[in-house]
Protein chains: 2
Amino acid sequence: MAAQATEWIDDLYSSRAKLAGPGMVGINPRRVAEVIAFGGGYPDPSSFPIQDILDSARIALERDGEWALQYAPGSGTPELVTELLRKLQRDQGISAAPENVLITNGGSQALGLIWEAFVNPGDAIISEAPFFLGAVGRCESSGADVREVPLDDEGIVISALEHELERLAGEGKRAKFLYLVPNFQNPTGITYTEERRRQIIEIAQAHQLPIVEDDAYHDLRYEGERVPTFYGLDDSGLVMYTGTFSKIISAGMRLGWVIANPSIIAHLSGLKTDFSTNTFTSHIVAEFAGSGTLQEHIGHLKEVYRERRDVMLQALETEMPDGTTWTRPTGGFFIWVTLPEGVSGATVAAEAQQRGVSVGLGTNFYTGAGGERNIRLSYSFNDEDEIHKGIAIIAGVVREQVEA
Amino acid sequence: MAAQATEWIDDLYSSRAKLAGPGMVGINPRRVAEVIAFGGGYPDPSSFPIQDILDSARIALERDGEWALQYAPGSGTPELVTELLRKLQRDQGISAAPENVLITNGGSQALGLIWEAFVNPGDAIISEAPFFLGAVGRCESSGADVREVPLDDEGIVISALEHELERLAGEGKRAKFLYLVPNFQNPTGITYTEERRRQIIEIAQAHQLPIVEDDAYHDLRYEGERVPTFYGLDDSGLVMYTGTFSKIISAGMRLGWVIANPSIIAHLSGLKTDFSTNTFTSHIVAEFAGSGTLQEHIGHLKEVYRERRDVMLQALETEMPDGTTWTRPTGGFFIWVTLPEGVSGATVAAEAQQRGVSVGLGTNFYTGAGGERNIRLSYSFNDEDEIHKGIAIIAGVVREQVEA
């Protein structure tokens, strides 16, 4: 018999559950796919390497089936840890050892565990402004006291960071960590320069301020040279480096990671109450990475997404009315659009949605005020024709708003 | 550069992380496999349906690859929710709707979310005595005030449950929930009778006491008829029913579930910070279940495990010295052994380990005192020869202890 809602149970929820509130059950990408979807950060479904994944699954199961289908150590299967460490050394320039690794249920769980491990209600966190929607949500449900530091096109503004640290010291508070997305930032698409990174590391070391470096888009660079990671630049153990296979193999495999000093890894593990991370997909991804297929596939993805970025930038150039500006990302999925003065992002988003195009609402990327004249566009999900069509629709809406 | 441990970070951990403490990274089953492993609850690796899983993966990817490799709604993929509801109706006699379902990263995450949603430090929980190790651990890391109620061979003892509820009322406390494993209980192997279940439901309804019904072993019944679930017997929305595909398809797929009233599902979803559960394995398991392969496979597993249970019971009969008693489970993985008076479970476990046989330590299944003369034996992992050999070794140790 179907269970009924019972109000008396509400009294029994923990303070944690009351803080988080009733959950969304998450966005359904199938519903998103009914429109031209510039709103989400969904990988291109036509790029999923279905046959290569099946081949990797067959090889992994035939060789290691006994272990691929069994429980595994909570920190990750040895095969995946080994291949991840190789990949990080080769592609990210990061040297780490197995005791620095925790494999997680996607990058989302990596951030979830970090928030749980560090943030009590009222604790200060320093973020970028604007910053990743998923982190905004975690800040709100954890009751964090968020201090947003503005970005320029080289990273967070150093003087503003220093000012915020002084202000916190004046209040007798110490920030739990600085959260940032250094490559192809979400939502703005900007990338931190090496000089800015070095300045931030110096300040962080002086203040014993941990850094959460969320590098979800690292491998999707379409031009220019790799910039050293904060994790690689730091020699004091204060960087937690998170990443994911979601954007480079499959979001549905749910595999991400944290690389950090062993003391932090131990604390995060203590909060990882789901026991093993996905053993089966871990074996598939280890085989996929170990065989060289991953590197080839990343090469392919870069071509696909570079082309889409170029198409969207060109369409913006052609279609958008004067007074509209946007960022020019060197990688990742996102372009951050600033609308002409007097035009509301919320109005543009609502009107575009009516006409079959979803966009990211600028205000969603701040915990307080900000982003009222912004929208975020993702070029990852739709093909070139849809990108043309979608930008024409949005530009039409913006023009109407300018003229209104 | 490998990060270093930094003591100053210890000050920054949240109260939640400090309560949980540095984590174990979990048991490594490969290390367990080096011995005769009666200690863990690991499925039989030789029974994993490798070819059927590959076939299901191929069918699911060829048909639904676009969605199987993408993000999915946090509550679970529609395909898996549909197949799970069919399975619960057919095998468990449970009628539920999609709004009653949350798909989780294994049964472990189901319990993890329930503990997070209800338990603040100091909150009272009622458990069986002895009870599931994984729940014992959660009680400890959440700072719960656990009230253990003894079991007889029909379930928890009603008079003891009533006594505990009175005692709590006298202290002005209200238990957050009653946690139990009604079928082939872990660690004792006993199964609650229908009459006992009805008595417990009546008491729970009168006290507005939620019940967490952990039915991880439901499908592995080797004799007798199915007993109605607490979830099915209750009509007031107070039962959270948890289960898992770990024991009937693959622990490495990491798929479990909670069935509960929609208000509870919403609160659990709010705490599920890992976004999607494994989309890829969800599609595989949905295909595996929808095609009828799951039912066939469960039939096969029941034969394998019934035979192993019989072999272990027979070996105990043949080998164990007088004064040793044990339970006779009608399903599941576990036999609970009570050693002769004066013989310590810890000594037997340590000595058996020296001789290459692991067993579950009785004291691990209590939060306080209890289980000193007990060991738990699992017959799921090893074949019949190993079971014979392992029981002979344990019996030898017990005989030496009796004579000592």
# chains A, B, ... in the order shown; residues from 1 in each chain; ligands from 1
>>> residues_around(residues="Leu180 of chain A", least_positions_apart="6", cutoff="8 Å", atoms="only C-alpha atoms", output="VMD selection string")
chain A and resid 127 to 128 131 211 to 214
>>> select_by_dssp(residues="segment 58-163 of chain A", states="strand (DSSP E or B)", output="PyMOL selection string")
chain A and resi 101-104+124-129+145-152+155-156
>>> interface_residues(of="chain B", to="chain A", cutoff="6 Å", atoms="only C-alpha atoms", output="MDAnalysis selection string")
chainID B and resid 1:5 13:14 17 20 22:23 25:28 45 66 69:75 95:96 108:109 112 117:120 232 237 250:254 261 263 266:267 269:270 273:274 278:280
>>> write_last_selection(atoms="C-alpha atoms", output="mmCIF file, in the first residue's frame")
data_model
loop_
_atom_site.group_PDB
_atom_site.id
_atom_site.type_symbol
_atom_site.label_atom_id
_atom_site.label_comp_id
_atom_site.auth_asym_id
_atom_site.auth_seq_id
_atom_site.Cartn_x
_atom_site.Cartn_y
_atom_site.Cartn_z
ATOM 1 C CA MET B 1 54.069 17.671 -5.726
ATOM 2 C CA ALA B 2 52.583 15.307 -3.136
ATOM 3 C CA ALA B 3 50.676 17.235 -0.514
ATOM 4 C CA GLN B 4 51.772 17.100 3.106
ATOM 5 C CA ALA B 5 49.727 16.636 6.254
ATOM 6 C CA TYR B 13 37.064 20.480 10.209
ATOM 7 C CA SER B 14 33.311 20.693 10.774
ATOM 8 C CA ALA B 17 33.738 15.536 10.417
ATOM 9 C CA ALA B 20 32.847 10.856 12.277
ATOM 10 C CA PRO B 22 39.205 9.971 10.143
ATOM 11 C CA GLY B 23 37.622 7.297 7.965
ATOM 12 C CA VAL B 25 38.858 3.506 3.515
ATOM 13 C CA GLY B 26 36.764 0.357 3.725
ATOM 14 C CA ILE B 27 37.530 -3.307 3.597
ATOM 15 C CA ASN B 28 39.388 -4.553 0.557
ATOM 16 C CA PRO B 45 32.116 -13.984 -7.099
ATOM 17 C CA GLU B 66 22.254 8.916 -25.162
ATOM 18 C CA LEU B 69 25.717 7.930 -20.279
ATOM 19 C CA GLN B 70 24.205 11.310 -19.368
ATOM 20 C CA TYR B 71 23.269 12.907 -16.051
ATOM 21 C CA ALA B 72 19.898 11.673 -14.757
ATOM 22 C CA PRO B 73 17.292 12.831 -12.249
ATOM 23 C CA GLY B 74 18.579 12.512 -8.669
ATOM 24 C CA SER B 75 15.710 10.218 -7.701
ATOM 25 C CA SER B 95 2.687 -1.479 -4.017
ATOM 26 C CA ALA B 96 4.388 1.864 -4.428
ATOM 27 C CA SER B 108 24.756 1.851 2.175
ATOM 28 C CA GLN B 109 23.782 5.264 0.862
ATOM 29 C CA GLY B 112 23.497 6.913 5.237
ATOM 30 C CA ALA B 117 17.955 12.974 7.818
ATOM 31 C CA PHE B 118 16.942 11.933 11.325
ATOM 32 C CA VAL B 119 19.845 11.657 13.730
ATOM 33 C CA ASN B 120 21.384 14.520 15.679
ATOM 34 C CA GLY B 232 3.125 -3.568 3.220
ATOM 35 C CA GLY B 237 3.433 6.046 6.170
ATOM 36 C CA SER B 250 26.307 -7.192 -8.335
ATOM 37 C CA ALA B 251 27.632 -5.239 -5.377
ATOM 38 C CA GLY B 252 29.872 -3.370 -7.819
ATOM 39 C CA MET B 253 26.868 -1.817 -9.594
ATOM 40 C CA ARG B 254 26.141 0.197 -6.419
ATOM 41 C CA ASN B 261 6.277 8.313 1.947
ATOM 42 C CA SER B 263 7.669 13.706 2.435
ATOM 43 C CA ALA B 266 11.919 14.680 -0.426
ATOM 44 C CA HIS B 267 14.013 15.135 2.720
ATOM 45 C CA SER B 269 16.774 13.770 -1.700
ATOM 46 C CA GLY B 270 17.733 17.100 -0.145
ATOM 47 C CA THR B 273 24.514 15.762 -2.628
ATOM 48 C CA ASP B 274 26.033 13.435 -5.238
ATOM 49 C CA ASN B 278 24.843 5.747 -11.393
ATOM 50 C CA THR B 279 22.958 6.255 -14.649
ATOM 51 C CA PHE B 280 24.937 3.698 -16.618
#
>>> closest_residue(among="B:Asp64, B:Glu148, B:Glu202, B:Glu34", to="Asn382 of chain B", atoms="only C-alpha atoms")
B:Glu34
>>> residues_around(residues="segment 372-375 of chain B", least_positions_apart="2", cutoff="7 Å", atoms="only C-alpha atoms", output="list in words")
Trp336, Val337, Thr338, Leu339, Val343, Ser344, Gly345, Val359, Gly360, Leu361, Gly362, Thr363, Gly370 and Leu377 of chain B
>>> closest_residue(among="B:Val81, B:Ile201, B:Val357, B:Val285", to="Glu386 of chain B", atoms="only C-alpha atoms")
B:Val357
>>> atom_distance(atom1="atom CA of Asp219 of chain B", atom2="atom CA of Ala60 of chain B")
24.4 Å
>>> select_by_dssp(residues="segment 170-338 of chain A", states="alpha helix (DSSP H)", output="VMD selection string")
chain A and resid 170 194 to 207 230 to 233 262 to 271 279 to 290 293 to 319
>>> atom_distance(atom1="atom CA of Thr330 of chain B", atom2="atom CA of Val311 of chain B")
13.7 Å
>>> residues_around(residues="Glu317 of chain B", least_positions_apart="4", cutoff="12 Å", atoms="only C-alpha atoms", output="ChimeraX atom specification")
/B:310-313,321-328,337,388,391-392,395
>>> write_last_selection(atoms="C-alpha atoms", output="PDB file, in the first residue's frame")
ATOM      1  CA  ASP B 310      23.304 -26.748   4.120  1.00  0.00           C
ATOM      2  CA  VAL B 311      26.970 -27.646   3.839  1.00  0.00           C
ATOM      3  CA  MET B 312      27.930 -25.212   6.585  1.00  0.00           C
ATOM      4  CA  LEU B 313      25.132 -26.342   8.913  1.00  0.00           C
ATOM      5  CA  PRO B 321      32.180 -29.619  20.235  1.00  0.00           C
ATOM      6  CA  ASP B 322      29.257 -29.965  22.631  1.00  0.00           C
ATOM      7  CA  GLY B 323      28.028 -26.750  24.149  1.00  0.00           C
ATOM      8  CA  THR B 324      28.254 -24.858  20.842  1.00  0.00           C
ATOM      9  CA  THR B 325      24.905 -23.731  19.413  1.00  0.00           C
ATOM     10  CA  TRP B 326      23.953 -21.867  16.238  1.00  0.00           C
ATOM     11  CA  THR B 327      21.011 -20.471  14.323  1.00  0.00           C
ATOM     12  CA  ARG B 328      19.460 -22.152  11.242  1.00  0.00           C
ATOM     13  CA  VAL B 337      27.268 -19.148  16.603  1.00  0.00           C
ATOM     14  CA  HIS B 388      34.253 -27.813   5.038  1.00  0.00           C
ATOM     15  CA  ILE B 391      34.569 -25.067   9.733  1.00  0.00           C
ATOM     16  CA  ALA B 392      37.008 -27.867  10.612  1.00  0.00           C
ATOM     17  CA  ALA B 395      35.995 -26.269  15.372  1.00  0.00           C
TER      18      ALA B 395
END
>>> closest_residue(among="A:Tyr241, A:Tyr305, A:Phe288, A:Tyr222", to="Asp383 of chain A", atoms="only C-alpha atoms")
A:Tyr305
>>> residues_around(residues="segment 188-192 of chain B", least_positions_apart="3", cutoff="9 Å", atoms="only C-alpha atoms", output="MDAnalysis selection string")
chainID B and resid 130:131 151:156 181:185 195:197 227 326:337 376
>>> write_last_selection(atoms="N, CA, C and O atoms", output="tab-separated table (two decimals), in the first residue's frame")
chain	number	residue	atom	x	y	z
B	130	PRO	N	21.76	-8.57	18.71
B	130	PRO	CA	22.75	-7.77	17.97
B	130	PRO	C	22.17	-7.20	16.68
B	130	PRO	O	21.10	-7.62	16.28
B	131	PHE	N	22.91	-6.25	16.08
B	131	PHE	CA	22.43	-5.67	14.82
B	131	PHE	C	23.55	-5.40	13.84
B	131	PHE	O	24.73	-5.49	14.18
B	151	LEU	N	16.69	-9.95	20.61
B	151	LEU	CA	15.96	-10.77	19.65
B	151	LEU	C	15.69	-12.16	20.23
B	151	LEU	O	16.55	-12.70	20.93
B	152	ASP	N	14.53	-12.72	19.92
B	152	ASP	CA	14.39	-14.17	20.03
B	152	ASP	C	14.25	-14.71	18.61
B	152	ASP	O	14.50	-13.97	17.66
B	153	ASP	N	13.83	-15.96	18.42
B	153	ASP	CA	13.84	-16.47	17.04
B	153	ASP	C	12.64	-16.03	16.22
B	153	ASP	O	12.47	-16.47	15.08
B	154	GLU	N	11.81	-15.12	16.75
B	154	GLU	CA	10.70	-14.58	15.97
B	154	GLU	C	10.82	-13.07	15.74
B	154	GLU	O	9.92	-12.46	15.17
B	155	GLY	N	11.89	-12.48	16.22
B	155	GLY	CA	12.07	-11.03	16.05
B	155	GLY	C	12.44	-10.38	17.36
B	155	GLY	O	12.79	-11.07	18.33
B	156	ILE	N	12.39	-9.03	17.41
B	156	ILE	CA	12.71	-8.39	18.69
B	156	ILE	C	11.61	-8.73	19.69
B	156	ILE	O	10.44	-8.92	19.33
B	181	VAL	N	16.22	-5.57	10.57
B	181	VAL	CA	16.45	-6.39	9.36
B	181	VAL	C	15.56	-7.61	9.54
B	181	VAL	O	15.93	-8.57	10.20
B	182	PRO	N	14.34	-7.57	8.96
B	182	PRO	CA	13.34	-8.57	9.32
B	182	PRO	C	13.54	-9.94	8.70
B	182	PRO	O	13.05	-10.94	9.25
B	183	ASN	N	14.24	-10.01	7.57
B	183	ASN	CA	14.44	-11.30	6.90
B	183	ASN	C	15.90	-11.71	6.99
B	183	ASN	O	16.79	-10.99	6.55
B	184	PHE	N	16.13	-12.93	7.59
B	184	PHE	CA	17.48	-13.51	7.63
B	184	PHE	C	18.43	-12.48	8.22
B	184	PHE	O	19.45	-12.11	7.64
B	185	GLN	N	18.06	-12.05	9.40
B	185	GLN	CA	18.67	-10.89	10.05
B	185	GLN	C	20.19	-10.99	10.06
B	185	GLN	O	20.76	-12.08	10.18
B	195	GLU	N	3.18	-12.56	12.82
B	195	GLU	CA	2.52	-12.10	14.04
B	195	GLU	C	3.39	-11.05	14.75
B	195	GLU	O	2.90	-10.01	15.18
B	196	ARG	N	4.68	-11.32	14.84
B	196	ARG	CA	5.59	-10.38	15.50
B	196	ARG	C	5.61	-9.05	14.74
B	196	ARG	O	5.62	-7.97	15.33
B	197	ARG	N	5.62	-9.16	13.42
B	197	ARG	CA	5.61	-7.92	12.63
B	197	ARG	C	4.36	-7.10	12.91
B	197	ARG	O	4.43	-5.88	13.09
B	227	VAL	N	7.08	-13.73	4.07
B	227	VAL	CA	6.31	-13.08	5.14
B	227	VAL	C	6.06	-11.63	4.71
B	227	VAL	O	6.96	-11.01	4.14
B	326	TRP	N	23.99	-22.80	17.36
B	326	TRP	CA	23.95	-21.87	16.24
B	326	TRP	C	22.54	-21.77	15.67
B	326	TRP	O	21.72	-22.66	15.92
B	327	THR	N	22.32	-20.69	14.95
B	327	THR	CA	21.01	-20.47	14.32
B	327	THR	C	20.93	-21.23	13.00
B	327	THR	O	21.95	-21.61	12.42
B	328	ARG	N	19.69	-21.45	12.51
B	328	ARG	CA	19.46	-22.15	11.24
B	328	ARG	C	18.65	-21.23	10.33
B	328	ARG	O	17.43	-21.29	10.31
B	329	PRO	N	19.34	-20.37	9.59
B	329	PRO	CA	18.64	-19.37	8.78
B	329	PRO	C	17.86	-20.01	7.64
B	329	PRO	O	18.31	-21.00	7.08
B	330	THR	N	16.72	-19.42	7.31
B	330	THR	CA	15.93	-19.89	6.17
B	330	THR	C	16.28	-19.11	4.90
B	330	THR	O	15.64	-19.28	3.87
B	331	GLY	N	17.27	-18.24	4.99
B	331	GLY	CA	17.70	-17.46	3.83
B	331	GLY	C	18.90	-16.61	4.19
B	331	GLY	O	19.44	-16.72	5.29
B	332	GLY	N	19.31	-15.76	3.27
B	332	GLY	CA	20.40	-14.82	3.54
B	332	GLY	C	21.77	-15.46	3.54
B	332	GLY	O	21.99	-16.48	2.90
B	333	PHE	N	22.68	-14.85	4.29
B	333	PHE	CA	24.10	-15.23	4.24
B	333	PHE	C	24.67	-15.74	5.58
B	333	PHE	O	25.81	-16.20	5.59
B	334	PHE	N	23.92	-15.58	6.71
B	334	PHE	CA	24.61	-15.62	8.00
B	334	PHE	C	24.11	-16.68	9.00
B	334	PHE	O	22.91	-16.90	9.13
B	335	ILE	N	25.06	-17.24	9.71
B	335	ILE	CA	24.79	-18.11	10.85
B	335	ILE	C	25.46	-17.49	12.08
B	335	ILE	O	26.60	-17.02	12.00
B	336	TRP	N	24.73	-17.47	13.19
B	336	TRP	CA	25.22	-16.85	14.42
B	336	TRP	C	25.54	-17.96	15.39
B	336	TRP	O	24.67	-18.77	15.74
B	337	VAL	N	26.79	-18.03	15.79
B	337	VAL	CA	27.27	-19.15	16.60
B	337	VAL	C	27.49	-18.69	18.04
B	337	VAL	O	28.11	-17.64	18.27
B	376	ARG	N	30.03	-14.60	13.98
B	376	ARG	CA	29.11	-14.68	12.84
B	376	ARG	C	29.83	-15.34	11.68
B	376	ARG	O	30.96	-14.97	11.35
